[in-house]
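S.K.: Structure: target_33.pdb, PDB, C-alpha atoms and all ligand atoms.
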ATOM      1  CA  MET A   1      -5.705 -16.806  -9.991
ATOM      2  CA  ARG A   2      -8.939 -16.391 -11.925
ATOM      3  CA  GLY A   3     -10.514 -13.107 -12.982
ATOM      4  CA  PHE A   4      -7.407 -11.191 -13.998
ATOM      5  CA  GLU A   5      -6.930 -12.499 -17.551
ATOM      6  CA  GLY A   6      -6.542  -9.597 -19.993
ATOM      7  CA  LYS A   7      -6.904  -6.966 -17.250
ATOM      8  CA  VAL A   8      -4.582  -3.970 -17.345
ATOM      9  CA  ALA A   9      -3.294  -3.416 -13.808
ATOM     10  CA  VAL A  10      -1.230  -0.494 -12.497
ATOM     11  CA  VAL A  11       0.976  -1.190  -9.456
ATOM     12  CA  THR A  12       2.926   1.566  -7.678
ATOM     13  CA  GLY A  13       5.904   0.738  -5.474
ATOM     14  CA  ALA A  14       6.383  -2.435  -7.532
ATOM     15  CA  GLY A  15      10.153  -2.578  -7.020
ATOM     16  CA  SER A  16       9.919  -4.424  -3.706
ATOM     17  CA  GLY A  17       7.755  -6.264  -1.189
ATOM     18  CA  ILE A  18       3.992  -6.375  -1.552
ATOM     19  CA  GLY A  19       4.027  -4.357  -4.804
ATOM     20  CA  ARG A  20       6.417  -6.774  -6.489
ATOM     21  CA  ALA A  21       4.480  -9.810  -5.203
ATOM     22  CA  LEU A  22       1.209  -8.296  -6.468
ATOM     23  CA  ALA A  23       2.704  -7.554  -9.892
ATOM     24  CA  LEU A  24       4.113 -11.086 -10.256
ATOM     25  CA  GLU A  25       0.906 -12.819  -9.145
ATOM     26  CA  LEU A  26      -1.118 -10.583 -11.481
ATOM     27  CA  GLY A  27       1.311 -11.407 -14.302
ATOM     28  CA  ARG A  28       0.999 -15.142 -13.632
ATOM     29  CA  SER A  29      -2.787 -14.700 -13.690
ATOM     30  CA  GLY A  30      -2.816 -13.223 -17.188
ATOM     31  CA  ALA A  31      -2.882  -9.487 -16.420
ATOM     32  CA  LEU A  32      -0.958  -6.814 -18.356
ATOM     33  CA  LEU A  33       1.159  -4.695 -16.029
ATOM     34  CA  ALA A  34       2.086  -1.024 -15.677
ATOM     35  CA  ILE A  35       4.619  -1.008 -12.848
ATOM     36  CA  SER A  36       6.415   1.933 -11.271
ATOM     37  CA  ASP A  37       8.722   2.845  -8.389
ATOM     38  CA  VAL A  38      11.293   5.450  -7.370
ATOM     39  CA  ASP A  39      13.788   2.609  -6.943
ATOM     40  CA  VAL A  40      14.707   1.949 -10.568
ATOM     41  CA  GLN A  41      16.937  -0.996  -9.729
ATOM     42  CA  GLY A  42      14.220  -2.840  -7.809
ATOM     43  CA  LEU A  43      11.773  -1.944 -10.555
ATOM     44  CA  ALA A  44      14.053  -3.397 -13.236
ATOM     45  CA  GLU A  45      14.212  -6.679 -11.269
ATOM     46  CA  THR A  46      10.409  -6.896 -11.113
ATOM     47  CA  GLU A  47      10.224  -6.066 -14.824
ATOM     48  CA  ALA A  48      12.711  -8.837 -15.643
ATOM     49  CA  GLN A  49      10.720 -11.359 -13.580
ATOM     50  CA  LEU A  50       7.492 -10.342 -15.333
ATOM     51  CA  LYS A  51       9.145 -10.752 -18.735
ATOM     52  CA  GLN A  52      10.268 -14.227 -17.685
ATOM     53  CA  ILE A  53       6.649 -15.093 -16.877
ATOM     54  CA  GLY A  54       5.700 -13.713 -20.297
ATOM     55  CA  ALA A  55       3.481 -10.924 -18.952
ATOM     56  CA  PRO A  56       3.294  -7.732 -21.023
ATOM     57  CA  VAL A  57       4.845  -4.976 -18.893
ATOM     58  CA  LYS A  58       5.422  -1.225 -19.023
ATOM     59  CA  ALA A  59       7.916  -0.088 -16.350
ATOM     60  CA  ASP A  60       8.481   3.563 -15.401
ATOM     61  CA  ARG A  61      10.199   5.548 -12.691
ATOM     62  CA  LEU A  62       7.418   7.398 -10.858
ATOM     63  CA  ASP A  63       7.393   9.250  -7.561
ATOM     64  CA  VAL A  64       3.777   8.959  -6.388
ATOM     65  CA  ALA A  65       4.104  12.220  -4.464
ATOM     66  CA  GLU A  66       4.650  14.155  -7.742
ATOM     67  CA  ARG A  67       1.110  14.941  -8.848
ATOM     68  CA  GLU A  68       1.835  16.358 -12.300
ATOM     69  CA  ALA A  69       4.055  13.396 -13.141
ATOM     70  CA  PHE A  70       1.326  10.993 -11.964
ATOM     71  CA  LEU A  71      -1.295  12.683 -14.179
ATOM     72  CA  LEU A  72       1.007  12.440 -17.228
ATOM     73  CA  TYR A  73       1.813   8.840 -16.310
ATOM     74  CA  ALA A  74      -1.894   7.907 -16.260
ATOM     75  CA  ASP A  75      -2.311   9.342 -19.763
ATOM     76  CA  ALA A  76       0.765   7.416 -20.940
ATOM     77  CA  VAL A  77      -0.490   4.105 -19.499
ATOM     78  CA  GLN A  78      -3.910   4.610 -21.092
ATOM     79  CA  ALA A  79      -2.262   5.451 -24.445
ATOM     80  CA  HIS A  80       0.035   2.405 -24.199
ATOM     81  CA  PHE A  81      -2.589  -0.246 -23.377
ATOM     82  CA  GLY A  82      -5.721   1.502 -24.707
ATOM     83  CA  ILE A  83      -7.575   0.670 -21.459
ATOM     84  CA  VAL A  84      -6.868   0.546 -17.707
ATOM     85  CA  HIS A  85      -8.856  -1.658 -15.323
ATOM     86  CA  GLN A  86      -7.132  -1.651 -11.949
ATOM     87  CA  ILE A  87      -4.826   0.527  -9.891
ATOM     88  CA  TYR A  88      -2.995  -0.777  -6.825
ATOM     89  CA  ASN A  89      -1.916   2.331  -4.896
ATOM     90  CA  ASN A  90       0.716   0.465  -2.932
ATOM     91  CA  ALA A  91       3.873   2.619  -2.691
ATOM     92  CA  GLY A  92       4.615   3.644   0.860
ATOM     93  CA  ILE A  93       7.215   4.593   3.437
ATOM     94  CA  ALA A  94       7.434   4.331   7.215
ATOM     95  CA  PHE A  95       8.763   6.702   9.841
ATOM     96  CA  THR A  96       9.108   6.248  13.597
ATOM     97  CA  GLY A  97       9.144   8.977  16.215
ATOM     98  CA  ASP A  98       7.045  10.664  18.872
ATOM     99  CA  VAL A  99       5.072  13.802  18.058
ATOM    100  CA  GLU A 100       7.240  15.746  20.531
ATOM    101  CA  ASP A 101      10.403  14.836  18.646
ATOM    102  CA  MET A 102       9.254  14.979  15.019
ATOM    103  CA  ALA A 103       9.775  17.934  12.706
ATOM    104  CA  PHE A 104       6.818  19.110  10.601
ATOM    105  CA  LYS A 105       8.711  18.000   7.506
ATOM    106  CA  ASP A 106       8.928  14.420   8.820
ATOM    107  CA  ILE A 107       5.133  14.241   9.037
ATOM    108  CA  GLU A 108       4.681  15.985   5.676
ATOM    109  CA  LYS A 109       7.012  13.518   3.944
ATOM    110  CA  VAL A 110       4.977  10.530   5.148
ATOM    111  CA  MET A 111       1.698  12.241   4.211
ATOM    112  CA  ASP A 112       3.076  13.178   0.759
ATOM    113  CA  VAL A 113       3.887   9.572  -0.126
ATOM    114  CA  ASP A 114       1.454   7.464   1.902
ATOM    115  CA  TYR A 115      -1.632   9.693   1.651
ATOM    116  CA  TRP A 116      -1.203  12.091  -1.278
ATOM    117  CA  GLY A 117       0.410   9.323  -3.344
ATOM    118  CA  VAL A 118      -2.825   7.339  -3.005
ATOM    119  CA  VAL A 119      -5.001  10.375  -3.776
ATOM    120  CA  ASN A 120      -2.847  11.276  -6.802
ATOM    121  CA  GLY A 121      -3.065   7.741  -8.177
ATOM    122  CA  THR A 122      -6.789   7.419  -7.587
ATOM    123  CA  LYS A 123      -7.644  10.801  -9.132
ATOM    124  CA  ALA A 124      -5.279  10.381 -12.084
ATOM    125  CA  PHE A 125      -6.673   6.975 -13.073
ATOM    126  CA  LEU A 126     -10.335   7.230 -12.028
ATOM    127  CA  PRO A 127     -11.640   8.586 -15.371
ATOM    128  CA  TYR A 128      -9.895   5.735 -17.207
ATOM    129  CA  LEU A 129     -11.144   3.117 -14.735
ATOM    130  CA  ILE A 130     -14.719   4.355 -15.187
ATOM    131  CA  ALA A 131     -14.275   4.331 -18.980
ATOM    132  CA  SER A 132     -13.062   0.701 -18.861
ATOM    133  CA  GLY A 133     -16.521  -0.409 -17.694
ATOM    134  CA  ASP A 134     -14.887  -2.765 -15.153
ATOM    135  CA  GLY A 135     -12.591  -0.695 -12.960
ATOM    136  CA  HIS A 136     -11.124  -1.318  -9.521
ATOM    137  CA  VAL A 137      -9.238   0.968  -7.126
ATOM    138  CA  ILE A 138      -7.172  -0.918  -4.546
ATOM    139  CA  ASN A 139      -5.649   1.336  -1.904
ATOM    140  CA  VAL A 140      -3.104  -0.036   0.535
ATOM    141  CA  SER A 141      -3.652   1.341   4.030
ATOM    142  CA  SER A 142      -2.404  -0.702   7.003
ATOM    143  CA  LEU A 143      -3.399  -2.325  10.256
ATOM    144  CA  PHE A 144      -2.201   1.094  11.462
ATOM    145  CA  GLY A 145      -5.107   2.596   9.494
ATOM    146  CA  LEU A 146      -7.426   0.794  11.935
ATOM    147  CA  LEU A 147      -5.619   1.447  15.198
ATOM    148  CA  ALA A 148      -3.024   3.920  16.390
ATOM    149  CA  VAL A 149       0.126   3.134  18.330
ATOM    150  CA  PRO A 150       2.709   5.320  20.042
ATOM    151  CA  GLY A 151       5.620   6.363  17.824
ATOM    152  CA  GLN A 152       3.640   5.984  14.585
ATOM    153  CA  SER A 153       1.539   9.169  14.510
ATOM    154  CA  ALA A 154       2.707  10.249  11.033
ATOM    155  CA  TYR A 155       2.145   6.805   9.521
ATOM    156  CA  ASN A 156      -1.121   6.393  11.466
ATOM    157  CA  SER A 157      -2.343   9.759  10.121
ATOM    158  CA  ALA A 158      -1.611   8.825   6.520
ATOM    159  CA  LYS A 159      -3.066   5.320   6.771
ATOM    160  CA  PHE A 160      -6.244   6.453   8.607
ATOM    161  CA  ALA A 161      -6.633   9.116   5.891
ATOM    162  CA  VAL A 162      -6.254   6.504   3.131
ATOM    163  CA  ARG A 163      -9.009   4.470   4.778
ATOM    164  CA  GLY A 164     -11.373   7.461   5.018
ATOM    165  CA  PHE A 165     -10.687   8.517   1.440
ATOM    166  CA  THR A 166     -11.149   4.975   0.131
ATOM    167  CA  GLU A 167     -14.331   4.195   2.068
ATOM    168  CA  ALA A 168     -15.927   7.466   0.899
ATOM    169  CA  LEU A 169     -14.904   6.748  -2.696
ATOM    170  CA  ARG A 170     -16.451   3.275  -2.558
ATOM    171  CA  GLN A 171     -19.785   4.724  -1.488
ATOM    172  CA  GLU A 172     -19.626   7.406  -4.189
ATOM    173  CA  MET A 173     -19.016   4.793  -6.877
ATOM    174  CA  LEU A 174     -21.973   2.765  -5.553
ATOM    175  CA  THR A 175     -24.280   5.780  -5.245
ATOM    176  CA  LYS A 176     -23.456   7.016  -8.733
ATOM    177  CA  GLN A 177     -23.518   3.454 -10.122
ATOM    178  CA  ARG A 178     -20.052   3.827 -11.589
ATOM    179  CA  PRO A 179     -18.486   0.555 -12.804
ATOM    180  CA  VAL A 180     -15.614   0.824 -10.329
ATOM    181  CA  ALA A 181     -15.099  -1.420  -7.306
ATOM    182  CA  VAL A 182     -13.092  -0.015  -4.413
ATOM    183  CA  THR A 183     -11.058  -2.002  -1.890
ATOM    184  CA  CYS A 184      -9.094  -0.814   1.122
ATOM    185  CA  VAL A 185      -6.257  -3.145   2.199
ATOM    186  CA  HIS A 186      -5.016  -3.373   5.793
ATOM    187  CA  PRO A 187      -1.904  -5.532   6.094
ATOM    188  CA  GLY A 188      -0.486  -6.518   9.469
ATOM    189  CA  GLY A 189       3.247  -7.239   9.680
ATOM    190  CA  ILE A 190       4.516  -8.398   6.282
ATOM    191  CA  LYS A 191       8.060  -9.636   5.580
ATOM    192  CA  THR A 192       9.233  -6.851   3.241
ATOM    193  CA  ALA A 193      11.904  -4.150   3.152
ATOM    194  CA  ILE A 194       9.528  -1.542   4.663
ATOM    195  CA  ALA A 195      11.290  -1.286   8.019
ATOM    196  CA  ARG A 196      14.742  -1.496   6.419
ATOM    197  CA  ASN A 197      13.760   1.397   4.121
ATOM    198  CA  ALA A 198      12.243   3.365   7.011
ATOM    199  CA  THR A 199      13.637   6.424   8.760
ATOM    200  CA  ALA A 200      13.239   7.688  12.319
ATOM    201  CA  VAL A 201      13.759  10.707  14.529
ATOM    202  CA  GLU A 202      17.249  11.440  15.799
ATOM    203  CA  GLY A 203      18.190   9.219  18.704
ATOM    204  CA  LEU A 204      16.433   6.128  17.353
ATOM    205  CA  ASP A 205      18.478   3.686  15.306
ATOM    206  CA  PRO A 206      16.512   2.721  12.136
ATOM    207  CA  LYS A 207      18.610  -0.458  11.783
ATOM    208  CA  GLU A 208      17.707  -1.612  15.300
ATOM    209  CA  LEU A 209      14.020  -0.773  14.681
ATOM    210  CA  ALA A 210      14.115  -2.786  11.439
ATOM    211  CA  LYS A 211      15.688  -5.739  13.251
ATOM    212  CA  GLN A 212      12.892  -5.701  15.827
ATOM    213  CA  PHE A 213      10.215  -5.377  13.133
ATOM    214  CA  ASP A 214      11.671  -8.221  11.056
ATOM    215  CA  SER A 215      12.034 -10.580  14.022
ATOM    216  CA  LYS A 216       8.920  -9.739  16.094
ATOM    217  CA  LEU A 217       6.228  -8.250  13.870
ATOM    218  CA  ALA A 218       6.602  -9.408  10.265
ATOM    219  CA  ASN A 219       4.867 -12.785  10.121
ATOM    220  CA  THR A 220       3.263 -12.983   6.681
ATOM    221  CA  THR A 221       5.243 -13.301   3.442
ATOM    222  CA  ALA A 222       4.719 -10.747   0.667
ATOM    223  CA  GLU A 223       3.602 -13.597  -1.633
ATOM    224  CA  ARG A 224       0.899 -14.703   0.815
ATOM    225  CA  ALA A 225      -0.140 -11.053   1.282
ATOM    226  CA  ALA A 226      -0.528 -10.705  -2.496
ATOM    227  CA  GLU A 227      -2.704 -13.849  -2.657
ATOM    228  CA  ILE A 228      -4.954 -12.577   0.141
ATOM    229  CA  ILE A 229      -5.238  -9.129  -1.475
ATOM    230  CA  LEU A 230      -6.040 -10.535  -4.927
ATOM    231  CA  THR A 231      -8.666 -12.883  -3.473
ATOM    232  CA  GLY A 232     -10.292  -9.808  -1.904
ATOM    233  CA  VAL A 233     -10.078  -7.997  -5.243
ATOM    234  CA  GLN A 234     -11.680 -10.962  -7.060
ATOM    235  CA  LYS A 235     -14.562 -10.818  -4.583
ATOM    236  CA  LYS A 236     -14.709  -6.993  -4.702
ATOM    237  CA  HIS A 237     -14.450  -6.809  -0.920
ATOM    238  CA  ALA A 238     -14.613  -3.365   0.694
ATOM    239  CA  ARG A 239     -11.960  -4.222   3.266
ATOM    240  CA  VAL A 240      -9.154  -6.768   3.152
ATOM    241  CA  LEU A 241      -7.308  -7.643   6.361
ATOM    242  CA  VAL A 242      -3.970  -9.347   5.713
ATOM    243  CA  GLY A 243      -2.575 -11.705   8.363
ATOM    244  CA  ALA A 244      -3.778 -13.119  11.666
ATOM    245  CA  ASP A 245      -2.314 -10.122  13.524
ATOM    246  CA  ALA A 246      -4.473  -7.714  11.508
ATOM    247  CA  LYS A 247      -7.584  -9.802  12.149
ATOM    248  CA  ILE A 248      -7.003 -10.211  15.902
ATOM    249  CA  LEU A 249      -6.057  -6.591  16.554
ATOM    250  CA  ASP A 250      -8.969  -5.312  14.441
ATOM    251  CA  LEU A 251     -11.292  -7.431  16.587
ATOM    252  CA  ILE A 252      -9.765  -6.124  19.832
ATOM    253  CA  VAL A 253     -10.252  -2.531  18.657
ATOM    254  CA  ARG A 254     -13.869  -3.193  17.715
ATOM    255  CA  ILE A 255     -14.581  -4.883  21.060
ATOM    256  CA  THR A 256     -12.818  -2.336  23.278
ATOM    257  CA  GLY A 257     -13.608   0.872  21.347
ATOM    258  CA  SER A 258     -11.266   3.606  22.514
ATOM    259  CA  GLY A 259     -10.256   1.323  25.404
ATOM    260  CA  TYR A 260      -7.630  -0.281  23.141
ATOM    261  CA  GLN A 261      -5.448   2.799  23.598
ATOM    262  CA  ARG A 262      -4.872   2.131  27.296
ATOM    263  CA  LEU A 263      -4.233  -1.537  26.536
ATOM    264  CA  PHE A 264      -1.833  -0.890  23.668
ATOM    265  CA  SER A 265       0.126   1.953  25.221
ATOM    266  CA  THR A 266       1.502  -0.613  27.633
ATOM    267  CA  MET A 267       1.363  -3.794  25.518
ATOM    268  CA  MET A 268       2.223  -2.453  22.039
ATOM    269  CA  GLY A 269       4.879  -0.182  23.511
ATOM    270  CA  LYS A 270       6.950  -3.301  24.055
ATOM    271  CA  LEU A 271       6.255  -4.680  20.574
ATOM    272  CA  VAL A 272       6.315  -1.718  18.218
ATOM    273  CA  PRO A 273       9.821  -0.472  17.502
ATOM    274  CA  GLY A 274      10.497   2.966  18.900
ATOM    275  CA  SER A 275       7.207   3.253  20.708
ATOM    276  CA  HIS A 276       8.779   3.237  24.202
TER     277      HIS A 276
HETATM  278  N1  LIG B   1       5.311  -4.524   5.365
HETATM  279  C1  LIG B   1       4.351  -4.300   6.244
HETATM  280  O1  LIG B   1       4.380  -4.847   7.343
HETATM  281  C2  LIG B   1       3.196  -3.402   5.906
HETATM  282  C3  LIG B   1       2.129  -3.354   6.801
HETATM  283  C4  LIG B   1       1.039  -2.532   6.519
HETATM  284  C5  LIG B   1       1.042  -1.777   5.361
HETATM  285  N2  LIG B   1       2.092  -1.838   4.506
HETATM  286  C6  LIG B   1       2.036  -1.003   3.312
HETATM  287  O2  LIG B   1       2.251  -1.799   2.167
HETATM  288  C7  LIG B   1       2.760  -0.974   1.115
HETATM  289  C8  LIG B   1       3.961  -1.661   0.487
HETATM  290  O3  LIG B   1       5.006  -1.703   1.428
HETATM  291  P1  LIG B   1       6.054  -2.920   1.538
HETATM  292  O4  LIG B   1       5.871  -3.503   2.871
HETATM  293  O5  LIG B   1       5.999  -3.772   0.358
HETATM  294  O6  LIG B   1       7.419  -2.078   1.617
HETATM  295  P2  LIG B   1       8.724  -2.048   0.680
HETATM  296  O7  LIG B   1       9.609  -1.007   1.276
HETATM  297  O8  LIG B   1       9.270  -3.417   0.506
HETATM  298  O9  LIG B   1       8.135  -1.541  -0.716
HETATM  299  C9  LIG B   1       7.648  -0.232  -0.887
HETATM  300  C10 LIG B   1       8.056   0.266  -2.260
HETATM  301  O10 LIG B   1       7.536   1.599  -2.414
HETATM  302  C11 LIG B   1       8.551   2.360  -3.066
HETATM  303  N3  LIG B   1       8.379   3.788  -2.783
HETATM  304  C12 LIG B   1       8.680   4.476  -1.664
HETATM  305  N4  LIG B   1       8.413   5.783  -1.819
HETATM  306  C13 LIG B   1       7.927   5.925  -3.078
HETATM  307  C14 LIG B   1       7.486   7.043  -3.832
HETATM  308  N5  LIG B   1       7.506   8.281  -3.325
HETATM  309  N6  LIG B   1       7.024   6.827  -5.093
HETATM  310  C15 LIG B   1       7.037   5.571  -5.621
HETATM  311  N7  LIG B   1       7.476   4.497  -4.980
HETATM  312  C16 LIG B   1       7.916   4.677  -3.715
HETATM  313  C17 LIG B   1       9.860   1.837  -2.499
HETATM  314  O11 LIG B   1      10.975   2.178  -3.329
HETATM  315  C18 LIG B   1       9.593   0.342  -2.436
HETATM  316  O12 LIG B   1       9.978  -0.307  -3.624
HETATM  317  C19 LIG B   1       3.069   0.370   1.764
HETATM  318  O13 LIG B   1       2.026   1.283   1.486
HETATM  319  C20 LIG B   1       3.109   0.054   3.237
HETATM  320  O14 LIG B   1       2.814   1.173   4.035
HETATM  321  C21 LIG B   1       3.164  -2.637   4.749
END
Could you express the structure from this file as structure tokens?
Ligand SMILES: NC(=O)c1ccc[n+]([C@@H]2O[C@H](COP(=O)([O-])OP(=O)(O)OC[C@H]3O[C@@H](n4cnc5c(N)ncnc54)[C@H](O)[C@@H]3O)[C@@H](O)[C@H]2O)c1
M.R.:
Amino acid sequence: MRGFEGKVAVVTGAGSGIGRALALELGRSGALLAISDVDVQGLAETEAQLKQIGAPVKADRLDVAEREAFLLYADAVQAHFGIVHQIYNNAGIAFTGDVEDMAFKDIEKVMDVDYWGVVNGTKAFLPYLIASGDGHVINVSSLFGLLAVPGQSAYNSAKFAVRGFTEALRQEMLTKQRPVAVTCVHPGGIKTAIARNATAVEGLDPKELAKQFDSKLANTTAERAAEIILTGVQKKHARVLVGADAKILDLIVRITGSGYQRLFSTMMGKLVPGSH
């Protein structure tokens, strides 16, 4: 793809799924990569594939929820490449369970990774992105950052928060005329390990939930998702919807307003794993 030649791009959660597909497509497009993950084995595989492509790559274990580590990491990436243009705050986890059944710590864990991970990455890299003169923050929310469904309150909270944070940041960058584009990404169901890596409240079987997600909801490949996201980045779009499901459901929410909740509590309950 055009427009990424010579760009230094940071991708979190690059050891699997969308993160790996983004890193590889960026590498093929001439970008230099700083990739990270908590899963060092998955990360090493992505690193090896990038080396095969011939893309310069710096790979590090990083837990996006660890703020101090993220700040040090940003300094290290800047020191390594001398400049940083783009950050893809992509790392994320999923958790299924009703509010009644969840412990506070279950909700906090999702917020720590899916929301604070994005805030940590954005704040840590923003000064460097501004200094580059051509920066871009790409934050991965979800279709579930546009609509809520039963059984996903923790994930919904984090992904709605990512959207609010990202949309405010975009306006700040515009108002202050900072050279930083900001894009919020809302994927629908993507064929990745997300559901297989997910956890759930006691009484729900994560393996069964993953089976349902993989067979019923994940329709877009990670590679296609990466292409759609990078096209949106090229065009500096504010919002990128990934997949027909994301587009259709976004439209339904905009047409029905809060009415979608009545519709989905019956309809989505049958589709979304664990949501009754
Ligand atoms: N797959 C989907 O259907 C879908 C839909 C909407 C949004 N998303 C979002 O896309 C992003 C990527 O997910 P994916 O589908 O590729 O899932 P995935 O499980 O295949 O990949 C996520 C990666 O993030 C890493 N990760 C988890 N916790 C981390 C942490 N604390 N620090 C660093 N890395 C961590 C995992 O090890 C994994 O390699 C996530 O933010 C997810 O919420 C996915």
S.K.: Could I get the residue neighbourhood of ligand LIG 1 (chain B) at 8 Å, counting only C-alpha atoms and all ligand atoms, as a PyMOL selection string?
M.R.: chain A and resi 12-20+36-39+42-43+61-66+89-94+112-114+117+140-144+155+159+186-198+217-218+222
S.K.: Restricting the calculation to only C-alpha atoms, which member of A:Val40, A:Val242, A:Ala74, A:Val84 is positioned closest to Lys123 in chain A?
M.R.: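 With only C-alpha atoms as the atom set, the closest residue is A:Ala74.
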S.K.: Quick one: of A:Gly6, A:Asp106, A:Arg163, A:Thr96, who's nearest to Lys207 in chain A, counting only C-alpha atoms?
M.R.: A:Thr96
S.K.: Hey, what's within 9 Å of range 124-130 of chain A if we count only C-alpha atoms and toss same-chain stuff fewer than 3 positions away? As a ChimeraX atom specification, please?
M.R.: /A:67,70-75,78,83-87,119-121,133-137,178-180
S.K.: What does the distance from CA of Asp214 in chain A to CA of Leu230 in chain A come to in Å, to one decimal?
M.R.: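 Between these atoms lies a distance of 24.0 Å.
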S.K.: Would you compute the distance between CA of Ile229 in chain A and CA of Ile138 in chain A? Give it in Å to one decimal.
M.R.: 9.0 Å
S.K.: Would you kindly translate the PyMOL selection byres (((chain A and resi 95) around 12) and not hetatm) into the concrete residues it picks from this file, as a CSV table (one decimal) with C-alpha atoms, in the coordinates of the input?
M.R.:
chain,number,residue,atom,x,y,z
A,92,GLY,CA,4.6,3.6,0.9
A,93,ILE,CA,7.2,4.6,3.4
A,94,ALA,CA,7.4,4.3,7.2
A,96,THR,CA,9.1,6.2,13.6
A,97,GLY,CA,9.1,9.0,16.2
A,98,ASP,CA,7.0,10.7,18.9
A,99,VAL,CA,5.1,13.8,18.1
A,102,MET,CA,9.3,15.0,15.0
A,103,ALA,CA,9.8,17.9,12.7
A,105,LYS,CA,8.7,18.0,7.5
A,106,ASP,CA,8.9,14.4,8.8
A,107,ILE,CA,5.1,14.2,9.0
A,108,GLU,CA,4.7,16.0,5.7
A,109,LYS,CA,7.0,13.5,3.9
A,110,VAL,CA,5.0,10.5,5.1
A,111,MET,CA,1.7,12.2,4.2
A,113,VAL,CA,3.9,9.6,-0.1
A,114,ASP,CA,1.5,7.5,1.9
A,150,PRO,CA,2.7,5.3,20.0
A,151,GLY,CA,5.6,6.4,17.8
A,152,GLN,CA,3.6,6.0,14.6
A,153,SER,CA,1.5,9.2,14.5
A,154,ALA,CA,2.7,10.2,11.0
A,155,TYR,CA,2.1,6.8,9.5
A,156,ASN,CA,-1.1,6.4,11.5
A,157,SER,CA,-2.3,9.8,10.1
A,158,ALA,CA,-1.6,8.8,6.5
A,194,ILE,CA,9.5,-1.5,4.7
A,195,ALA,CA,11.3,-1.3,8.0
A,196,ARG,CA,14.7,-1.5,6.4
A,197,ASN,CA,13.8,1.4,4.1
A,198,ALA,CA,12.2,3.4,7.0
A,199,THR,CA,13.6,6.4,8.8
A,200,ALA,CA,13.2,7.7,12.3
A,201,VAL,CA,13.8,10.7,14.5
A,202,GLU,CA,17.2,11.4,15.8
A,204,LEU,CA,16.4,6.1,17.4
A,205,ASP,CA,18.5,3.7,15.3
A,206,PRO,CA,16.5,2.7,12.1
A,209,LEU,CA,14.0,-0.8,14.7
A,210,ALA,CA,14.1,-2.8,11.4
A,273,PRO,CA,9.8,-0.5,17.5
A,274,GLY,CA,10.5,3.0,18.9
A,275,SER,CA,7.2,3.3,20.7
S.K.: Would you mind reading off the distance between CA of Leu174 in chain A and CA of Lys236 in chain A, one decimal, in Å?
M.R.: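 Atom-to-atom, CA of Leu174 in chain A to CA of Lys236 in chain A, that is 12.2 Å.
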S.K.: Any chance you could work out the axis-aligned box around range 122-134 of chain A, listed atoms only, 8 Å on each side, giving centre and edge lengths in Å to one decimal, as lines of an AutoDock Vina configuration file?
M.R.:
center_x = -10.9
center_y = 4.0
center_z = -13.3
size_x = 27.2
size_y = 29.6
size_z = 27.4
S.K.: With distances taken over all atoms listed in the file, which of A:Leu146, A:Gly54, A:Val8, A:Ala76 is nearest to Ser132 in chain A?
M.R.: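 Using all atoms listed in the file, the shortest distance to Ser132 in chain A belongs to A:Val8.
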S.K.: Starting from the displayed file, determine the output of the PyMOL selection byres (((chain A and resi 166) around 8) and not hetatm) and express the residue list as a ChimeraX atom specification.
M.R.: /A:139,162-165,167-170,182-184
S.K.: Name the closest residue to Arg2 in chain A among the candidates A:Thr231, A:Asn219, A:Thr266, A:Thr46; distances are taken between atoms, counting only C-alpha atoms.
M.R.: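 That would be A:Thr231, the residue with the smallest distance to Arg2 in chain A.
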S.K.: Determine, counting only C-alpha atoms, every residue of protein, DNA or RNA that lies within 9 Å of (1.5, -12.6, -8.0) in the file coordinates, then give the result as a ChimeraX atom specification.
M.R.: /A:1,20-29,223,226-227,230
S.K.: Selection from above, C-alpha atoms, as a PDB file, in the frame of the given file, can you write it?
M.R.:
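Output file selection19.pdb follows:
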ATOM      1  CA  MET A   1      -5.705 -16.806  -9.991  1.00  0.00           C
ATOM      2  CA  ARG A  20       6.417  -6.774  -6.489  1.00  0.00           C
ATOM      3  CA  ALA A  21       4.480  -9.810  -5.203  1.00  0.00           C
ATOM      4  CA  LEU A  22       1.209  -8.296  -6.468  1.00  0.00           C
ATOM      5  CA  ALA A  23       2.704  -7.554  -9.892  1.00  0.00           C
ATOM      6  CA  LEU A  24       4.113 -11.086 -10.256  1.00  0.00           C
ATOM      7  CA  GLU A  25       0.906 -12.819  -9.145  1.00  0.00           C
ATOM      8  CA  LEU A  26      -1.118 -10.583 -11.481  1.00  0.00           C
ATOM      9  CA  GLY A  27       1.311 -11.407 -14.302  1.00  0.00           C
ATOM     10  CA  ARG A  28       0.999 -15.142 -13.632  1.00  0.00           C
ATOM     11  CA  SER A  29      -2.787 -14.700 -13.690  1.00  0.00           C
ATOM     12  CA  GLU A 223       3.602 -13.597  -1.633  1.00  0.00           C
ATOM     13  CA  ALA A 226      -0.528 -10.705  -2.496  1.00  0.00           C
ATOM     14  CA  GLU A 227      -2.704 -13.849  -2.657  1.00  0.00           C
ATOM     15  CA  LEU A 230      -6.040 -10.535  -4.927  1.00  0.00           C
TER      16      LEU A 230
END
S.K.: Residues within 7 Å of Ile35 in chain A, please, as a PDB file with C-alpha atoms, in the frame of the given file. Count all atoms listed in the file; anything in the same chain fewer than 4 positions from it doesn't count.
M.R.:
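The result, written out as selection35.pdb:
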ATOM      1  CA  VAL A  10      -1.230  -0.494 -12.497  1.00  0.00           C
ATOM      2  CA  VAL A  11       0.976  -1.190  -9.456  1.00  0.00           C
ATOM      3  CA  THR A  12       2.926   1.566  -7.678  1.00  0.00           C
ATOM      4  CA  ALA A  14       6.383  -2.435  -7.532  1.00  0.00           C
ATOM      5  CA  LYS A  58       5.422  -1.225 -19.023  1.00  0.00           C
ATOM      6  CA  ALA A  59       7.916  -0.088 -16.350  1.00  0.00           C
ATOM      7  CA  ASP A  60       8.481   3.563 -15.401  1.00  0.00           C
TER       8      ASP A  60
END
